[in-house]
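The data block below is entry08.json; it holds JSON, N, CA, C and O atoms.
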```
[["chain", "number", "residue", "atom", "x", "y", "z"],
["A", 1, "LYS", "N", 2.27, 2.05, 24.18],
["A", 1, "LYS", "CA", 0.88, 1.73, 23.88],
["A", 1, "LYS", "C", 0.75, 0.88, 22.63],
["A", 1, "LYS", "O", -0.27, 0.25, 22.42],
["A", 2, "MET", "N", 1.75, 0.89, 21.78],
["A", 2, "MET", "CA", 1.64, 0.16, 20.52],
["A", 2, "MET", "C", 2.10, -1.29, 20.64],
["A", 2, "MET", "O", 1.91, -2.06, 19.71],
["A", 3, "GLY", "N", 2.64, -1.69, 21.77],
["A", 3, "GLY", "CA", 3.10, -3.06, 21.94],
["A", 3, "GLY", "C", 1.99, -4.08, 22.12],
["A", 3, "GLY", "O", 2.15, -5.24, 21.78],
["A", 4, "ASP", "N", 0.87, -3.65, 22.66],
["A", 4, "ASP", "CA", -0.28, -4.53, 22.86],
["A", 4, "ASP", "C", -1.33, -4.19, 21.81],
["A", 4, "ASP", "O", -1.71, -3.03, 21.64],
["A", 5, "LYS", "N", -1.81, -5.19, 21.10],
["A", 5, "LYS", "CA", -2.71, -4.95, 19.96],
["A", 5, "LYS", "C", -4.03, -4.30, 20.35],
["A", 5, "LYS", "O", -4.54, -3.43, 19.64],
["A", 6, "ILE", "N", -4.59, -4.69, 21.47],
["A", 6, "ILE", "CA", -5.86, -4.10, 21.91],
["A", 6, "ILE", "C", -5.66, -2.63, 22.26],
["A", 6, "ILE", "O", -6.41, -1.76, 21.80],
["A", 7, "THR", "N", -4.64, -2.33, 23.05],
["A", 7, "THR", "CA", -4.35, -0.94, 23.43],
["A", 7, "THR", "C", -4.00, -0.11, 22.21],
["A", 7, "THR", "O", -4.42, 1.04, 22.09],
["A", 8, "ALA", "N", -3.25, -0.68, 21.28],
["A", 8, "ALA", "CA", -2.86, 0.04, 20.07],
["A", 8, "ALA", "C", -4.10, 0.44, 19.27],
["A", 8, "ALA", "O", -4.22, 1.59, 18.81],
["A", 9, "LYS", "N", -5.02, -0.48, 19.08],
["A", 9, "LYS", "CA", -6.23, -0.16, 18.31],
["A", 9, "LYS", "C", -7.07, 0.88, 19.03],
["A", 9, "LYS", "O", -7.56, 1.82, 18.41],
["A", 10, "GLU", "N", -7.23, 0.73, 20.34],
["A", 10, "GLU", "CA", -7.99, 1.71, 21.11],
["A", 10, "GLU", "C", -7.37, 3.10, 20.99],
["A", 10, "GLU", "O", -8.07, 4.10, 20.85],
["A", 11, "THR", "N", -6.04, 3.17, 21.02],
["A", 11, "THR", "CA", -5.32, 4.44, 20.90],
["A", 11, "THR", "C", -5.57, 5.07, 19.54],
["A", 11, "THR", "O", -5.84, 6.27, 19.43],
["A", 12, "MET", "N", -5.53, 4.28, 18.49],
["A", 12, "MET", "CA", -5.75, 4.80, 17.14],
["A", 12, "MET", "C", -7.20, 5.25, 16.94],
["A", 12, "MET", "O", -7.44, 6.29, 16.32],
["A", 13, "VAL", "N", -8.16, 4.50, 17.48],
["A", 13, "VAL", "CA", -9.56, 4.90, 17.37],
["A", 13, "VAL", "C", -9.78, 6.24, 18.07],
["A", 13, "VAL", "O", -10.41, 7.15, 17.52],
["A", 14, "LYS", "N", -9.21, 6.40, 19.27],
["A", 14, "LYS", "CA", -9.34, 7.66, 20.02],
["A", 14, "LYS", "C", -8.71, 8.83, 19.27],
["A", 14, "LYS", "O", -9.16, 9.96, 19.38],
["A", 15, "ALA", "N", -7.64, 8.53, 18.49],
["A", 15, "ALA", "CA", -6.94, 9.57, 17.73],
["A", 15, "ALA", "C", -7.63, 9.87, 16.40],
["A", 15, "ALA", "O", -7.21, 10.76, 15.67],
["A", 16, "GLY", "N", -8.69, 9.11, 16.08],
["A", 16, "GLY", "CA", -9.41, 9.34, 14.84],
["A", 16, "GLY", "C", -8.78, 8.67, 13.62],
["A", 16, "GLY", "O", -9.13, 8.99, 12.48],
["A", 17, "VAL", "N", -7.87, 7.74, 13.85],
["A", 17, "VAL", "CA", -7.23, 7.02, 12.75],
["A", 17, "VAL", "C", -8.15, 5.89, 12.30],
["A", 17, "VAL", "O", -8.63, 5.13, 13.13],
["A", 18, "PRO", "N", -8.40, 5.77, 11.00],
["A", 18, "PRO", "CA", -9.25, 4.67, 10.53],
["A", 18, "PRO", "C", -8.62, 3.32, 10.86],
["A", 18, "PRO", "O", -7.41, 3.14, 10.73],
["A", 19, "THR", "N", -9.44, 2.38, 11.28],
["A", 19, "THR", "CA", -8.97, 1.02, 11.57],
["A", 19, "THR", "C", -9.85, 0.03, 10.83],
["A", 19, "THR", "O", -10.96, 0.36, 10.42],
["A", 20, "ILE", "N", -9.34, -1.18, 10.66],
["A", 20, "ILE", "CA", -10.13, -2.20, 9.98],
["A", 20, "ILE", "C", -11.27, -2.66, 10.88],
["A", 20, "ILE", "O", -11.17, -2.57, 12.10],
["A", 21, "PRO", "N", -12.35, -3.15, 10.30],
["A", 21, "PRO", "CA", -13.46, -3.66, 11.12],
["A", 21, "PRO", "C", -13.00, -4.83, 11.98],
["A", 21, "PRO", "O", -12.14, -5.62, 11.57],
["A", 22, "GLY", "N", -13.55, -4.92, 13.16],
["A", 22, "GLY", "CA", -13.21, -6.02, 14.06],
["A", 22, "GLY", "C", -13.85, -5.82, 15.40],
["A", 22, "GLY", "O", -14.79, -5.04, 15.56],
["A", 23, "SER", "N", -13.31, -6.51, 16.38],
["A", 23, "SER", "CA", -13.85, -6.40, 17.73],
["A", 23, "SER", "C", -13.52, -5.03, 18.31],
["A", 23, "SER", "O", -12.58, -4.36, 17.87],
["A", 24, "ASP", "N", -14.29, -4.62, 19.30],
["A", 24, "ASP", "CA", -14.04, -3.36, 19.98],
["A", 24, "ASP", "C", -13.12, -3.55, 21.18],
["A", 24, "ASP", "O", -13.05, -2.69, 22.05],
["A", 25, "GLY", "N", -12.43, -4.65, 21.22],
["A", 25, "GLY", "CA", -11.53, -4.97, 22.32],
["A", 25, "GLY", "C", -11.31, -6.46, 22.36],
["A", 25, "GLY", "O", -11.52, -7.16, 21.37],
["A", 26, "LEU", "N", -10.90, -6.94, 23.50],
["A", 26, "LEU", "CA", -10.60, -8.36, 23.67],
["A", 26, "LEU", "C", -11.85, -9.21, 23.43],
["A", 26, "LEU", "O", -12.92, -8.90, 23.94],
["A", 27, "VAL", "N", -11.69, -10.26, 22.64],
["A", 27, "VAL", "CA", -12.77, -11.23, 22.43],
["A", 27, "VAL", "C", -12.69, -12.22, 23.59],
["A", 27, "VAL", "O", -11.71, -12.95, 23.72],
["A", 28, "LYS", "N", -13.70, -12.22, 24.44],
["A", 28, "LYS", "CA", -13.63, -12.93, 25.71],
["A", 28, "LYS", "C", -13.83, -14.44, 25.62],
["A", 28, "LYS", "O", -13.30, -15.19, 26.41],
["A", 29, "ASP", "N", -14.63, -14.88, 24.63],
["A", 29, "ASP", "CA", -14.91, -16.32, 24.52],
["A", 29, "ASP", "C", -15.43, -16.64, 23.13],
["A", 29, "ASP", "O", -15.59, -15.74, 22.29],
["A", 30, "LEU", "N", -15.68, -17.91, 22.89],
["A", 30, "LEU", "CA", -16.14, -18.38, 21.58],
["A", 30, "LEU", "C", -17.44, -17.70, 21.15],
["A", 30, "LEU", "O", -17.58, -17.27, 20.00],
["A", 31, "LYS", "N", -18.39, -17.60, 22.06],
["A", 31, "LYS", "CA", -19.69, -16.98, 21.74],
["A", 31, "LYS", "C", -19.51, -15.54, 21.29],
["A", 31, "LYS", "O", -20.08, -15.11, 20.29],
["A", 32, "HIS", "N", -18.70, -14.79, 22.02],
["A", 32, "HIS", "CA", -18.43, -13.39, 21.67],
["A", 32, "HIS", "C", -17.72, -13.32, 20.31],
["A", 32, "HIS", "O", -18.06, -12.50, 19.46],
["A", 33, "GLY", "N", -16.75, -14.19, 20.10],
["A", 33, "GLY", "CA", -16.02, -14.21, 18.83],
["A", 33, "GLY", "C", -16.91, -14.50, 17.65],
["A", 33, "GLY", "O", -16.81, -13.88, 16.59],
["A", 34, "THR", "N", -17.81, -15.46, 17.81],
["A", 34, "THR", "CA", -18.74, -15.82, 16.74],
["A", 34, "THR", "C", -19.64, -14.64, 16.41],
["A", 34, "THR", "O", -19.89, -14.34, 15.23],
["A", 35, "LYS", "N", -20.11, -13.93, 17.42],
["A", 35, "LYS", "CA", -20.97, -12.76, 17.22],
["A", 35, "LYS", "C", -20.23, -11.67, 16.46],
["A", 35, "LYS", "O", -20.76, -11.11, 15.49],
["A", 36, "VAL", "N", -19.00, -11.37, 16.86],
["A", 36, "VAL", "CA", -18.21, -10.34, 16.18],
["A", 36, "VAL", "C", -17.96, -10.73, 14.73],
["A", 36, "VAL", "O", -18.10, -9.92, 13.82],
["A", 37, "ALA", "N", -17.61, -12.00, 14.50],
["A", 37, "ALA", "CA", -17.34, -12.46, 13.14],
["A", 37, "ALA", "C", -18.57, -12.31, 12.24],
["A", 37, "ALA", "O", -18.45, -11.89, 11.09],
["A", 38, "LYS", "N", -19.75, -12.61, 12.77],
["A", 38, "LYS", "CA", -20.98, -12.45, 11.99],
["A", 38, "LYS", "C", -21.23, -10.98, 11.67],
["A", 38, "LYS", "O", -21.66, -10.64, 10.57],
["A", 39, "GLU", "N", -20.95, -10.10, 12.62],
["A", 39, "GLU", "CA", -21.15, -8.66, 12.41],
["A", 39, "GLU", "C", -20.18, -8.11, 11.37],
["A", 39, "GLU", "O", -20.56, -7.31, 10.52],
["A", 40, "VAL", "N", -18.92, -8.53, 11.44],
["A", 40, "VAL", "CA", -17.89, -8.04, 10.53],
["A", 40, "VAL", "C", -18.07, -8.65, 9.14],
["A", 40, "VAL", "O", -17.92, -7.98, 8.13],
["A", 41, "GLY", "N", -18.37, -9.95, 9.11],
["A", 41, "GLY", "CA", -18.50, -10.67, 7.86],
["A", 41, "GLY", "C", -17.22, -11.44, 7.54],
["A", 41, "GLY", "O", -16.13, -11.01, 7.88],
["A", 42, "TYR", "N", -17.39, -12.56, 6.91],
["A", 42, "TYR", "CA", -16.27, -13.43, 6.55],
["A", 42, "TYR", "C", -15.72, -13.03, 5.19],
["A", 42, "TYR", "O", -16.46, -12.50, 4.37],
["A", 43, "PRO", "N", -14.42, -13.25, 4.97],
["A", 43, "PRO", "CA", -13.44, -13.89, 5.83],
["A", 43, "PRO", "C", -12.99, -12.95, 6.94],
["A", 43, "PRO", "O", -13.07, -11.73, 6.82],
["A", 44, "ILE", "N", -12.50, -13.53, 8.02],
["A", 44, "ILE", "CA", -11.94, -12.79, 9.15],
["A", 44, "ILE", "C", -10.58, -13.38, 9.50],
["A", 44, "ILE", "O", -10.24, -14.47, 9.05],
["A", 45, "ILE", "N", -9.82, -12.65, 10.30],
["A", 45, "ILE", "CA", -8.55, -13.15, 10.83],
["A", 45, "ILE", "C", -8.67, -13.18, 12.34],
["A", 45, "ILE", "O", -9.05, -12.18, 12.95],
["A", 46, "ILE", "N", -8.36, -14.31, 12.93],
["A", 46, "ILE", "CA", -8.30, -14.43, 14.39],
["A", 46, "ILE", "C", -6.83, -14.24, 14.76],
["A", 46, "ILE", "O", -5.94, -14.90, 14.21],
["A", 47, "LYS", "N", -6.57, -13.33, 15.70],
["A", 47, "LYS", "CA", -5.20, -13.02, 16.09],
["A", 47, "LYS", "C", -5.07, -12.96, 17.59],
["A", 47, "LYS", "O", -5.88, -12.32, 18.26],
["A", 48, "ALA", "N", -4.06, -13.62, 18.12],
["A", 48, "ALA", "CA", -3.76, -13.52, 19.55],
["A", 48, "ALA", "C", -3.35, -12.08, 19.87],
["A", 48, "ALA", "O", -2.81, -11.38, 19.01],
["A", 49, "THR", "N", -3.61, -11.65, 21.10],
["A", 49, "THR", "CA", -3.29, -10.26, 21.46],
["A", 49, "THR", "C", -1.81, -10.04, 21.73],
["A", 49, "THR", "O", -1.34, -8.92, 21.66],
["A", 50, "ALA", "N", -1.07, -11.08, 22.03],
["A", 50, "ALA", "CA", 0.34, -10.90, 22.35],
["A", 50, "ALA", "C", 1.16, -12.09, 21.89],
["A", 50, "ALA", "O", 0.67, -13.22, 21.86],
["A", 51, "GLY", "N", 2.39, -11.80, 21.53],
["A", 51, "GLY", "CA", 3.34, -12.87, 21.19],
["A", 51, "GLY", "C", 3.06, -13.56, 19.87],
["A", 51, "GLY", "O", 2.07, -13.31, 19.21],
["A", 52, "GLY", "N", 3.99, -14.39, 19.46],
["A", 52, "GLY", "CA", 3.81, -15.20, 18.28],
["A", 52, "GLY", "C", 4.34, -14.62, 16.99],
["A", 52, "GLY", "O", 4.56, -15.33, 16.03],
["A", 53, "GLY", "N", 4.51, -13.31, 16.92],
["A", 53, "GLY", "CA", 5.03, -12.70, 15.71],
["A", 53, "GLY", "C", 4.21, -13.01, 14.47],
["A", 53, "GLY", "O", 4.72, -13.13, 13.37],
["A", 54, "GLY", "N", 2.90, -13.14, 14.62],
["A", 54, "GLY", "CA", 2.02, -13.42, 13.50],
["A", 54, "GLY", "C", 1.77, -14.90, 13.27],
["A", 54, "GLY", "O", 0.93, -15.29, 12.47],
["A", 55, "LYS", "N", 2.49, -15.76, 13.98],
["A", 55, "LYS", "CA", 2.35, -17.20, 13.78],
["A", 55, "LYS", "C", 0.98, -17.71, 14.22],
["A", 55, "LYS", "O", 0.52, -18.72, 13.74],
["A", 56, "GLY", "N", 0.34, -17.00, 15.15],
["A", 56, "GLY", "CA", -0.94, -17.44, 15.67],
["A", 56, "GLY", "C", -2.13, -16.93, 14.88],
["A", 56, "GLY", "O", -3.27, -17.17, 15.25],
["A", 57, "MET", "N", -1.90, -16.23, 13.78],
["A", 57, "MET", "CA", -3.00, -15.69, 12.98],
["A", 57, "MET", "C", -3.69, -16.82, 12.21],
["A", 57, "MET", "O", -3.03, -17.68, 11.64],
["A", 58, "ARG", "N", -5.00, -16.78, 12.21],
["A", 58, "ARG", "CA", -5.79, -17.79, 11.51],
["A", 58, "ARG", "C", -6.82, -17.09, 10.62],
["A", 58, "ARG", "O", -7.60, -16.27, 11.10],
["A", 59, "VAL", "N", -6.79, -17.38, 9.33],
["A", 59, "VAL", "CA", -7.80, -16.86, 8.42],
["A", 59, "VAL", "C", -8.97, -17.83, 8.44],
["A", 59, "VAL", "O", -8.79, -19.04, 8.27],
["A", 60, "VAL", "N", -10.16, -17.29, 8.67],
["A", 60, "VAL", "CA", -11.37, -18.11, 8.71],
["A", 60, "VAL", "C", -12.28, -17.63, 7.60],
["A", 60, "VAL", "O", -12.70, -16.48, 7.57],
["A", 61, "TRP", "N", -12.56, -18.52, 6.68],
["A", 61, "TRP", "CA", -13.33, -18.17, 5.49],
["A", 61, "TRP", "C", -14.83, -18.37, 5.65],
["A", 61, "TRP", "O", -15.62, -17.82, 4.88],
["A", 62, "ASP", "N", -15.23, -19.17, 6.64],
["A", 62, "ASP", "CA", -16.64, -19.54, 6.76],
["A", 62, "ASP", "C", -16.97, -19.79, 8.23],
["A", 62, "ASP", "O", -16.13, -20.28, 8.99],
["A", 63, "GLU", "N", -18.20, -19.50, 8.62],
["A", 63, "GLU", "CA", -18.63, -19.66, 10.01],
["A", 63, "GLU", "C", -18.41, -21.09, 10.53],
["A", 63, "GLU", "O", -18.06, -21.29, 11.68],
["A", 64, "LYS", "N", -18.57, -22.08, 9.67],
["A", 64, "LYS", "CA", -18.41, -23.47, 10.11],
["A", 64, "LYS", "C", -16.99, -23.77, 10.58],
["A", 64, "LYS", "O", -16.78, -24.73, 11.31],
["A", 65, "ASP", "N", -16.02, -22.95, 10.18],
["A", 65, "ASP", "CA", -14.62, -23.17, 10.55],
["A", 65, "ASP", "C", -14.17, -22.30, 11.72],
["A", 65, "ASP", "O", -13.03, -22.38, 12.16],
["A", 66, "PHE", "N", -15.07, -21.44, 12.22],
["A", 66, "PHE", "CA", -14.67, -20.48, 13.25],
["A", 66, "PHE", "C", -14.20, -21.18, 14.54],
["A", 66, "PHE", "O", -13.12, -20.89, 15.03],
["A", 67, "GLU", "N", -15.01, -22.06, 15.07],
["A", 67, "GLU", "CA", -14.70, -22.66, 16.37],
["A", 67, "GLU", "C", -13.36, -23.38, 16.37],
["A", 67, "GLU", "O", -12.55, -23.21, 17.28],
["A", 68, "ALA", "N", -13.09, -24.18, 15.35],
["A", 68, "ALA", "CA", -11.82, -24.93, 15.29],
["A", 68, "ALA", "C", -10.63, -23.97, 15.26],
["A", 68, "ALA", "O", -9.62, -24.23, 15.91],
["A", 69, "ASN", "N", -10.74, -22.89, 14.54],
["A", 69, "ASN", "CA", -9.64, -21.92, 14.45],
["A", 69, "ASN", "C", -9.53, -21.07, 15.70],
["A", 69, "ASN", "O", -8.42, -20.70, 16.10],
["A", 70, "TYR", "N", -10.64, -20.76, 16.33],
["A", 70, "TYR", "CA", -10.62, -19.99, 17.57],
["A", 70, "TYR", "C", -9.92, -20.78, 18.67],
["A", 70, "TYR", "O", -9.09, -20.26, 19.40],
["A", 71, "ASN", "N", -10.26, -22.06, 18.78],
["A", 71, "ASN", "CA", -9.67, -22.90, 19.81],
["A", 71, "ASN", "C", -8.20, -23.14, 19.56],
["A", 71, "ASN", "O", -7.41, -23.23, 20.46]]
```

Represent the supplied structure as C-alpha cells.
Amino acid sequence: KMGDKITAKETMVKAGVPTIPGSDGLVKDLKHGTKVAKEVGYPIIIKATAGGGGKGMRVVWDEKDFEANYN
C-alpha cells in the first residue's frame, strides 16, 4: 500500500496519522488542481503519483505559475 502515493496517504489518514495538507486523492485535471492549491495555500508542491524518484516534483510559489508547472 505504501508504493503508490495516493493509496499511501489514504492508508495513513484512515489510520489516524497526521498528513500534510493537500488533495484528498488524485488531482484529475488543471481546474481541480488549481482549486486544491487555492484551498491549501501557496507555496505548494506538485508531485506525480508514480515513478520519477522525486524528479517530477515542482514547487509552485504563486497561482500565476501553477498551470505551467502542472502541465

Practice problem: For segment 23-29 of chain A, please output as a count of residues only all residues within 8 Å (counting all atoms listed in the file; exclusion window: fewer than 3 positions along the same chain). | Solution: 16

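For the choices A:Ile44, A:Met12, A:Val17, A:Met2, the atom-to-atom distance to Asp62 of chain A is smallest for A:Ile44 when using all atoms listed in the file.
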
Work out where the centre of an axis-aligned box around every listed atom of segment 9-24 of chain A lies and how long its edges are once 8 Å is added on each side; give both in Å to one decimal as AutoDock Vina command-line options.
```
--center_x -9.9 --center_y 2.1 --center_z 16.0 --size_x 25.8 --size_y 33.3 --size_z 28.1
```

Quiz item: DSSP on the backbone: what in segment 27-71 of chain A comes out strand (DSSP E or B), as a ChimeraX atom specification?
Solution: /A:44-46,58-60

Exercise. Just the alpha helix (DSSP H) stuff from chain A, please, per backbone DSSP, written as a list in words.
Key: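 DSSP on the backbone gives alpha helix (DSSP H) at Lys5, Ile6, Thr7, Ala8, Lys9, Glu10, Thr11, Met12, Val13, Lys14, Leu30, Lys31, His32, Gly33, Thr34, Lys35, Val36, Ala37, Lys38, Glu39, Val40, Phe66, Glu67, Ala68, Asn69 and Tyr70 of chain A.
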
Practice problem: Extract, using all atoms listed in the file, all DNA, RNA and protein residues at most 5 Å from Pro43 of chain A, discarding same-chain residues fewer than 2 positions from it, and format them as a PyMOL selection string. | Solution: chain A and resi 41+45+60-61

Quiz prompt | atom N of Ala15 of chain A to atom C of Lys1 of chain A, distance in Å rounded to a single decimal | solution =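 Atom-to-atom, atom N of Ala15 of chain A to atom C of Lys1 of chain A, that is 12.1 Å.
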
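Here atom CA of Glu67 of chain A is placed at a distance of 27.2 Å from atom C of Pro18 of chain A.
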
Self-check item: Exercise: residues within 8 Å of coordinate (-6.6, -18.8, 12.8), counting all atoms listed in the file, as number ranges by chain
Solution: A: 44-48, 55-60, 65-66, 68-71

Quiz item: What does the distance from atom C of Gly3 of chain A to atom N of Pro21 of chain A come to in Å, to one decimal?
Solution: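 Straight-line distance from atom C of Gly3 of chain A to atom N of Pro21 of chain A works out to 18.6 Å.
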
Dump segment 30-70 of chain A with C-alpha atoms to a file, as a PDB file, in the first residue's frame.
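Listing of part.pdb after writing:
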```pdb
ATOM      1  CA  LEU A  30      -5.882  21.552 -14.153  1.00  0.00           C
ATOM      2  CA  LYS A  31      -9.141  23.023 -12.815  1.00  0.00           C
ATOM      3  CA  HIS A  32      -9.202  20.592  -9.888  1.00  0.00           C
ATOM      4  CA  GLY A  33      -5.517  21.226  -9.175  1.00  0.00           C
ATOM      5  CA  THR A  34      -5.985  24.986  -9.156  1.00  0.00           C
ATOM      6  CA  LYS A  35      -8.894  24.649  -6.721  1.00  0.00           C
ATOM      7  CA  VAL A  36      -6.903  22.428  -4.340  1.00  0.00           C
ATOM      8  CA  ALA A  37      -3.898  24.770  -4.482  1.00  0.00           C
ATOM      9  CA  LYS A  38      -6.089  27.763  -3.571  1.00  0.00           C
ATOM     10  CA  GLU A  39      -7.591  25.826  -0.645  1.00  0.00           C
ATOM     11  CA  VAL A  40      -4.205  24.662   0.672  1.00  0.00           C
ATOM     12  CA  GLY A  41      -2.403  27.934   0.001  1.00  0.00           C
ATOM     13  CA  TYR A  42       0.880  28.649  -1.722  1.00  0.00           C
ATOM     14  CA  PRO A  43       3.610  27.539  -1.925  1.00  0.00           C
ATOM     15  CA  ILE A  44       2.601  24.020  -2.955  1.00  0.00           C
ATOM     16  CA  ILE A  45       4.404  21.021  -4.435  1.00  0.00           C
ATOM     17  CA  ILE A  46       3.010  19.248  -7.481  1.00  0.00           C
ATOM     18  CA  LYS A  47       4.042  15.583  -7.479  1.00  0.00           C
ATOM     19  CA  ALA A  48       3.383  12.769  -9.919  1.00  0.00           C
ATOM     20  CA  THR A  49       1.713   9.756  -8.300  1.00  0.00           C
ATOM     21  CA  ALA A  50       4.221   7.221  -9.594  1.00  0.00           C
ATOM     22  CA  GLY A  51       7.782   6.995 -10.807  1.00  0.00           C
ATOM     23  CA  GLY A  52      10.467   9.602 -11.173  1.00  0.00           C
ATOM     24  CA  GLY A  53      12.091   9.255  -7.768  1.00  0.00           C
ATOM     25  CA  GLY A  54      11.196  12.860  -6.925  1.00  0.00           C
ATOM     26  CA  LYS A  55      12.431  14.253 -10.240  1.00  0.00           C
ATOM     27  CA  GLY A  56       8.905  15.252 -11.232  1.00  0.00           C
ATOM     28  CA  MET A  57       8.274  17.393  -8.150  1.00  0.00           C
ATOM     29  CA  ARG A  58       7.556  21.043  -8.868  1.00  0.00           C
ATOM     30  CA  VAL A  59       7.440  23.785  -6.239  1.00  0.00           C
ATOM     31  CA  VAL A  60       4.882  26.432  -7.176  1.00  0.00           C
ATOM     32  CA  TRP A  61       5.171  29.693  -5.289  1.00  0.00           C
ATOM     33  CA  ASP A  62       2.310  31.616  -6.887  1.00  0.00           C
ATOM     34  CA  GLU A  63      -1.002  30.910  -8.634  1.00  0.00           C
ATOM     35  CA  LYS A  64       0.257  32.501 -11.868  1.00  0.00           C
ATOM     36  CA  ASP A  65       2.860  29.704 -12.145  1.00  0.00           C
ATOM     37  CA  PHE A  66       0.516  26.798 -11.403  1.00  0.00           C
ATOM     38  CA  GLU A  67      -0.592  25.897 -14.930  1.00  0.00           C
ATOM     39  CA  ALA A  68       2.924  25.832 -16.433  1.00  0.00           C
ATOM     40  CA  ASN A  69       4.179  23.575 -13.631  1.00  0.00           C
ATOM     41  CA  TYR A  70       1.107  21.340 -13.681  1.00  0.00           C
TER      42      TYR A  70
END
```
